[in-house]
>>> print(open('data28.txt').read())   # compact mmCIF, C-alpha atoms
# COMPACT_ATOMS: atom_id res chain seq x y z
CA MET A 257 -8.46 -0.80 -88.57
CA ASN A 258 -9.14 -0.30 -92.32
CA ASN A 259 -6.41 -1.02 -94.91
CA TYR A 260 -6.14 1.99 -97.27
CA PHE A 261 -3.25 0.64 -99.43
CA ILE A 262 -3.96 -0.54 -103.00
CA THR A 263 -2.85 -4.09 -103.32
CA ASP A 264 -4.10 -5.01 -106.83
CA LEU A 265 -1.83 -3.30 -109.44
CA SER A 266 -2.83 -5.22 -112.62
CA GLY A 267 -5.35 -2.54 -113.65
CA LEU A 268 -2.74 0.17 -113.18
CA SER A 269 -0.29 -1.56 -115.52
CA GLU A 270 -2.96 -1.78 -118.25
CA LEU A 271 -3.77 1.89 -117.75
CA ALA A 272 -0.06 2.78 -118.08
CA ASN A 273 0.22 0.78 -121.34
CA TRP A 274 -2.88 2.47 -122.74
CA LEU A 275 -1.56 5.90 -121.75
CA ILE A 276 1.91 5.31 -123.29
CA ASN A 277 0.35 4.08 -126.54
CA ASN A 278 -1.96 7.05 -126.82
CA VAL A 279 0.64 9.63 -125.85
CA ILE A 280 3.06 8.28 -128.50
CA ASP A 281 0.31 8.16 -131.13
CA PHE A 282 -0.63 11.72 -130.24
CA GLY A 283 3.02 12.79 -130.54
CA LEU A 284 3.35 11.18 -133.98
CA VAL A 285 0.13 12.81 -135.16
CA ILE A 286 1.39 16.22 -133.97
CA LEU A 287 4.69 15.64 -135.84
CA LEU A 288 2.77 14.87 -139.03
CA VAL A 289 0.48 17.88 -138.59
CA PHE A 290 3.61 20.07 -138.37
CA ASN A 291 4.95 18.33 -141.46
CA LEU A 292 1.71 19.05 -143.32
CA MET A 293 1.86 22.69 -142.24
CA ALA A 294 5.48 22.96 -143.41
CA SER A 295 4.52 21.42 -146.78
CA ILE A 296 1.66 23.90 -147.24
CA PHE A 297 3.87 26.86 -146.26
CA LEU A 298 6.54 25.67 -148.70
CA TYR A 299 3.98 25.42 -151.52
CA LEU A 300 2.61 28.90 -150.76
CA ARG A 301 6.09 30.37 -150.54
CA VAL A 302 7.11 28.87 -153.89
CA LYS A 303 3.90 30.15 -155.54
CA ASP A 304 4.57 33.57 -154.01
CA ILE A 305 8.09 33.69 -155.48
CA GLN A 306 6.83 32.43 -158.85
CA ARG A 307 4.43 35.37 -159.04
CA SER A 308 7.44 37.71 -159.19
CA LEU A 309 10.04 35.52 -160.84
CA THR A 310 9.79 33.13 -163.78
CA LEU A 311 12.65 30.68 -164.10
CA GLY A 312 11.20 27.98 -166.35
CA LYS A 313 9.88 24.59 -165.17
CA ASP A 314 7.81 26.56 -162.65
CA SER A 315 4.70 24.42 -163.04
CA LEU A 316 6.76 21.26 -162.47
CA LEU A 317 8.11 22.69 -159.23
CA ALA A 318 4.61 23.68 -158.08
CA MET A 319 3.39 20.16 -158.89
CA LEU A 320 6.22 18.68 -156.84
CA MET A 321 5.25 20.85 -153.86
CA ALA A 322 1.58 19.91 -154.26
CA GLY A 323 2.65 16.25 -154.40
CA ASN A 324 4.48 16.70 -151.11
CA ILE A 325 1.30 18.09 -149.51
CA ILE A 326 -0.64 15.03 -150.72
CA VAL A 327 2.05 12.66 -149.35
CA SER A 328 1.98 14.47 -145.98
CA LEU A 329 -1.81 14.30 -145.88
CA LEU A 330 -1.82 10.59 -146.76
CA ALA A 331 0.77 9.88 -144.05
CA LEU A 332 -1.37 11.71 -141.49
CA VAL A 333 -4.49 9.77 -142.48
CA LEU A 334 -2.54 6.49 -142.37
CA ILE A 335 -1.19 7.21 -138.89
CA LEU A 336 -4.66 8.11 -137.64
CA LEU A 337 -6.06 4.88 -139.10
CA LEU A 338 -3.27 2.81 -137.54
CA ALA A 339 -3.85 4.53 -134.19
CA VAL A 340 -7.53 3.62 -134.35
CA VAL A 341 -6.84 0.02 -135.44
CA SER A 342 -4.09 -0.76 -132.88
CA MET B 67 26.52 43.16 -175.26
CA ASP B 68 27.95 45.05 -178.27
CA LYS B 69 29.21 47.67 -175.89
CA VAL B 70 30.76 45.00 -173.72
CA LYS B 71 32.73 43.56 -176.57
CA LYS B 72 34.62 46.83 -177.12
CA GLY B 73 37.60 46.35 -174.86
CA PHE B 74 35.80 45.07 -171.73
CA SER B 75 36.88 41.80 -170.14
CA ALA B 76 33.27 40.99 -169.16
CA ALA B 77 32.68 39.70 -172.70
CA LYS B 78 35.45 37.13 -172.26
CA ALA B 79 34.18 36.17 -168.81
CA LEU B 80 30.64 35.71 -170.17
CA LYS B 81 31.97 33.64 -173.07
CA ASP B 82 33.92 31.45 -170.62
CA LEU B 83 30.86 30.92 -168.44
CA LYS B 84 28.72 30.11 -171.48
CA LYS B 85 31.28 27.57 -172.63
CA ARG B 86 31.27 25.89 -169.21
CA ASN B 87 27.46 25.67 -169.47
CA LYS B 88 26.69 25.06 -165.77
CA HIS B 89 23.10 25.24 -164.54
CA TYR B 90 24.25 27.18 -161.46
CA ALA B 91 26.07 29.85 -163.51
CA CYS B 92 23.83 30.35 -166.51
CA VAL B 93 24.50 32.98 -169.19
CA PHE B 94 21.43 34.61 -170.81
CA PRO B 95 18.86 32.45 -168.97
CA GLN B 96 15.16 32.58 -169.80
CA VAL B 97 14.30 34.50 -166.65
CA LYS B 98 11.70 37.18 -166.08
CA PHE B 99 11.03 39.10 -162.90
CA SER B 100 8.46 41.70 -161.94
CA GLY B 101 9.56 45.26 -162.57
CA MET B 102 11.66 44.27 -165.57
CA GLU B 103 11.94 47.06 -168.12
CA ASP B 104 11.11 46.68 -171.83
CA HIS B 105 14.63 46.33 -173.20
CA GLU B 106 16.08 44.76 -170.09
CA LYS B 107 17.63 41.30 -170.40
CA VAL B 108 18.98 38.97 -167.76
CA VAL B 109 22.64 38.37 -168.55
CA LEU B 110 23.71 36.02 -165.79
CA LEU B 111 22.05 33.82 -163.19
CA VAL B 112 24.24 32.49 -160.38
CA ARG B 113 23.31 30.15 -157.55
CA ALA B 114 25.38 28.76 -154.69
CA HIS B 115 27.53 25.84 -155.80
CA PRO B 116 25.51 22.56 -155.66
CA ILE B 117 28.09 21.00 -153.32
CA TYR B 118 26.25 22.82 -150.49
CA LEU B 119 22.97 21.30 -151.67
CA TYR B 120 24.52 17.80 -151.84
CA LEU B 121 26.03 18.14 -148.34
CA ARG B 122 22.65 19.11 -146.88
CA LEU B 123 20.87 16.30 -148.74
CA ILE B 124 23.45 13.84 -147.39
CA GLY B 125 22.67 15.23 -143.91
CA ILE B 126 18.96 14.49 -144.40
CA PHE B 127 19.74 11.01 -145.71
CA LEU B 128 21.84 10.39 -142.57
CA PHE B 129 18.92 11.67 -140.46
CA ILE B 130 16.66 9.04 -142.05
CA ILE B 131 19.27 6.27 -141.62
CA LEU B 132 19.85 7.28 -137.97
CA GLY B 133 16.08 7.25 -137.47
CA PHE B 134 15.94 3.64 -138.65
CA PHE B 135 18.89 2.72 -136.40
CA PHE B 136 17.04 4.35 -133.51
CA ILE B 137 13.94 2.26 -134.27
CA ALA B 138 16.03 -0.93 -134.46
CA PHE B 139 17.71 -0.02 -131.14
CA ILE B 140 14.55 0.70 -129.13
CA GLN B 141 12.41 -2.05 -130.68
CA PRO B 142 13.54 -4.85 -128.25
CA PHE B 143 12.90 -2.64 -125.23
CA ILE B 144 9.54 -1.10 -126.02
CA GLY B 145 8.24 -3.38 -128.78
CA GLY B 146 6.36 -5.45 -126.22
CA ILE B 147 4.59 -2.44 -124.77
CA LEU B 148 3.84 -0.55 -127.98
CA GLY B 149 3.27 -3.40 -130.41
CA GLY B 150 4.51 -3.97 -133.97
CA MET B 151 2.51 -1.06 -135.40
CA PHE B 152 4.80 1.39 -133.61
CA VAL B 153 7.71 0.63 -135.96
CA LEU B 154 5.50 1.19 -139.00
CA LYS B 155 4.16 4.48 -137.60
CA LEU B 156 7.64 5.81 -136.77
CA THR B 157 8.91 4.80 -140.23
CA ILE B 158 6.07 6.74 -141.88
CA VAL B 159 6.86 9.84 -139.79
CA ILE B 160 10.62 9.70 -140.48
CA LEU B 161 10.15 9.18 -144.24
CA THR B 162 7.53 11.96 -144.55
CA TRP B 163 9.72 14.42 -142.66
CA GLY B 164 12.74 13.33 -144.71
CA ILE B 165 10.92 14.09 -147.99
CA THR B 166 9.71 17.50 -146.75
CA LEU B 167 13.15 18.49 -145.44
CA ALA B 168 14.83 17.39 -148.68
CA LEU B 169 12.35 19.48 -150.70
CA LEU B 170 12.84 22.46 -148.39
CA VAL B 171 16.62 22.25 -148.73
CA TRP B 172 16.35 21.96 -152.53
CA VAL B 173 13.90 24.87 -152.84
CA LYS B 174 16.11 27.01 -150.58
CA TRP B 175 19.08 26.31 -152.84
CA TYR B 176 17.05 26.79 -156.04
CA TYR B 177 15.63 30.15 -155.00
CA ASN B 178 18.81 31.53 -153.45
CA LEU B 179 19.96 33.24 -156.58
CA PHE B 180 21.72 36.25 -157.92
CA LEU B 181 20.79 37.87 -161.24
CA ILE B 182 22.68 40.38 -163.30
CA SER B 183 20.54 42.10 -165.89
CA THR B 184 21.47 44.86 -168.31
CA ASN B 185 20.05 47.43 -165.87
CA ARG B 186 20.37 46.05 -162.37
CA ILE B 187 21.36 43.27 -160.04
CA LEU B 188 18.83 41.21 -158.09
CA ASP B 189 19.63 39.10 -155.06
CA LEU B 190 16.96 36.68 -153.86
CA ASP B 191 17.52 35.15 -150.41
CA PHE B 192 15.25 32.28 -149.41
CA THR B 193 16.36 32.19 -145.79
CA SER B 194 13.45 30.33 -144.21
CA LEU B 195 9.81 29.44 -144.79
CA LYS B 196 8.87 32.70 -143.12
CA SER B 197 11.10 35.13 -144.97
CA VAL B 198 12.29 35.71 -148.49
CA ALA B 199 14.38 38.82 -149.14
CA TRP B 200 14.60 40.53 -152.53
CA THR B 201 17.42 43.04 -152.91
CA THR B 202 17.96 45.03 -156.08
CA ALA B 203 20.40 47.74 -157.04
CA ARG B 204 20.93 49.66 -160.25
CA LEU B 205 24.19 48.79 -161.99
CA GLU B 206 25.31 52.43 -162.02
CA ASN B 207 25.03 52.48 -158.20
CA ILE B 208 27.59 49.71 -157.76
CA GLU B 209 30.67 51.22 -156.19
CA ASP B 210 32.82 48.27 -155.27
CA VAL B 211 32.75 44.47 -155.57
CA GLU B 212 34.80 42.36 -153.19
CA VAL B 213 35.48 38.64 -153.51
CA LYS B 214 36.32 36.69 -150.35
CA PRO B 215 36.98 32.96 -150.51
CA THR B 216 36.73 31.43 -147.03
CA GLY B 217 37.20 27.86 -145.95
CA LEU B 218 38.30 24.58 -147.46
CA ILE B 219 35.27 24.03 -149.73
CA HIS B 220 35.81 27.43 -151.35
CA VAL B 221 39.45 26.64 -152.05
CA LEU B 222 38.70 23.12 -153.35
CA PHE B 223 35.86 24.13 -155.69
CA GLY B 224 36.99 27.64 -156.60
CA LEU B 225 34.09 29.37 -154.86
CA GLY B 226 33.80 32.66 -153.02
CA ASN B 227 31.58 35.15 -151.25
CA LEU B 228 30.75 38.33 -153.10
CA PHE B 229 30.23 41.63 -151.28
CA ILE B 230 28.78 44.41 -153.41
CA GLN B 231 28.97 47.94 -152.11
CA THR B 232 26.25 50.13 -153.59
CA ALA B 233 25.25 53.76 -153.27
CA GLY B 234 21.58 52.89 -152.76
CA SER B 235 19.59 52.46 -149.57
CA GLU B 236 20.68 48.81 -149.35
CA ALA B 237 24.34 49.67 -148.91
CA LYS B 238 25.83 46.18 -149.11
CA ILE B 239 24.64 43.09 -150.96
CA GLU B 240 26.16 39.80 -149.86
CA ILE B 241 26.12 36.65 -151.96
CA TYR B 242 27.61 33.52 -150.49
CA ASN B 243 29.27 30.42 -151.94
CA ILE B 244 28.99 31.33 -155.59
CA PRO B 245 31.02 29.64 -158.31
CA TYR B 246 33.39 31.64 -160.55
CA PRO B 247 33.43 34.66 -158.20
CA VAL B 248 36.23 36.46 -160.02
CA GLU B 249 34.40 36.21 -163.37
CA VAL B 250 31.18 37.47 -161.75
CA GLN B 251 33.11 40.35 -160.16
CA ASP B 252 34.62 41.17 -163.54
CA ILE B 253 31.23 41.16 -165.26
CA LEU B 254 29.67 43.30 -162.53
CA LEU B 255 32.38 45.94 -162.54
CA ASP B 256 32.40 46.19 -166.33
CA PHE B 257 28.61 46.40 -166.56
CA ALA B 258 28.56 49.06 -163.85
CA GLU B 259 31.15 51.08 -165.75
CA ILE B 260 29.21 50.76 -169.02
CA ARG B 261 26.03 51.95 -167.29
CA ARG B 262 27.79 54.90 -165.67
CA ASN B 263 29.35 55.88 -169.02
CA SER B 264 25.99 55.71 -170.80
CA HIS B 265 24.44 57.91 -168.07
CA ARG B 266 27.17 60.54 -168.40
CA ARG B 267 26.51 60.94 -172.13
>>> encode(input="data28.txt", output="C-alpha cells")
Amino acid sequence: MNNYFITDLSGLSELANWLINNVIDFGLVILLVFNLMASIFLYLRVKDIQRSLTLGKDSLLAMLMAGNIIVSLLALVLILLLAVVS
Amino acid sequence: MDKVKKGFSAAKALKDLKKRNKHYACVFPQVKFSGMEDHEKVVLLVRAHPIYLYLRLIGIFLFIILGFFFIAFIQPFIGGILGGMFVLKLTIVILTWGITLALLVWVKWYYNLFLISTNRILDLDFTSLKSVAWTTARLENIEDVEVKPTGLIHVLFGLGNLFIQTAGSEAKIEIYNIPYPVEVQDILLDFAEIRRNSHRR
C-alpha cells in the first residue's frame, strides 16, 4: 500500500517564511502608496484653494506640500529597495 | 470703517481684536479671494482656536509613539521570522504617515476659516481631502447671529460656535470653535446693519 502523507515539512516552513515576508512587504508598500496618493491629493487641494484665495505665505505652503510628496516618494523607494535586498 | 465708528460697537470690538493681535483672529489681513469687488476689503479673518490643532497634533504624536511601542512589543516574537529589516521598514512607514497626517491636520485647520469683508461673509470648510465647501452671503442678507458655547474647552478658552441665519439660498452658516465669538457676533450684526442702511438710502 502506498503512503500518501507528506513526511518532510522543512520545505513547507521555508515557504511559509517567504510568504509572510513578502505579504508584509507588500502590505507596507501598499500603505506607502496610499500615503503618496494622500500627499498628492493634499498638494492639489491646497493649490486649488490658493487659486481662489490668497492668504500670504502661499508659496511656502505649496513648497511644504511638495516636500511631503518627495518624502513619501523617497520612503516608497527605500521600502522597495529594502524588500529587494532582504 | 468711518461709518462703523459713528456709534457702532463693532469699532470697539475690532480695536480690541487688533490689540490682541492673534493670528487666528486677524483684523484687516492681507487676504484676497476670487469674486472680490473693487472697493471691497477683508475686515476680519477668524480660524478655529489653535487648541484644536494642538490636540490633534498630540494625537498624531501619540500614534507615532504607540507605533514604536508596538514594534518593540512584537519584535521578540516575529523578529526571528521577519529579520531586522522589518523594524526599519515599519519605522519608515509610521514616520511617513505621521508627517502626512500632521500636515493634513494643519492644512485642515489653516483653511477652515471665516472672513468678514465690507460686503460679505465667506466661510471656507476644508472637511476632507475630497471636499472643500465655500459659503458666502451678502452682509445685508444676515438676519440673525447666534453664539453657542458648548463643552469644557469652549468655557476654558472663551470659544463658541457661531450660527448665522441668512436670507439667501444657504440659509444657515455654521462656524465652529472660534475665538472671541461675542466680538465676532457684534461686528457681524453691526456690519449687516450698516449695509442694510446704505441700501435703503
>>> closest_atom_pairs(input="data28.txt", of="chain B", to="chain A", cutoff="6 Å", atoms="all atoms listed in the file", output="CSV")
residue,atom,partner,partner_atom,distance
B:Val97,CA,A:Leu311,CA,4.9
B:Lys98,CA,A:Thr310,CA,5.0
B:Phe99,CA,A:Leu309,CA,4.2
B:Ser100,CA,A:Ser308,CA,5.0
B:Leu148,CA,A:Asn277,CA,6.0
>>> closest_residue(input="data28.txt", among="B:Arg186, B:Lys88, B:His115, B:Lys107", to="Tyr242 in chain B", atoms="all atoms listed in the file")
B:His115
>>> atom_distance(input="data28.txt", atom1="CA of Asn178 in chain B", atom2="CA of Phe257 in chain B")
22.1 Å
>>> atom_distance(input="data28.txt", atom1="CA of Leu255 in chain B", atom2="CA of Ile187 in chain B")
11.6 Å
>>> atom_distance(input="data28.txt", atom1="CA of Trp175 in chain B", atom2="CA of Arg122 in chain B")
10.0 Å
>>> closest_residue(input="data28.txt", among="A:Leu275, A:Ser269, A:Asp314, A:Ala322", to="Leu169 in chain B", atoms="all atoms listed in the file")
A:Ala322
>>> residues_around(input="data28.txt", residues="His220 in chain B", least_positions_apart="2", cutoff="12 Å", atoms="all atoms listed in the file", output="NGL selection string")
:B and (114-115 or 117-118 or 213-218 or 222-227 or 242-247)
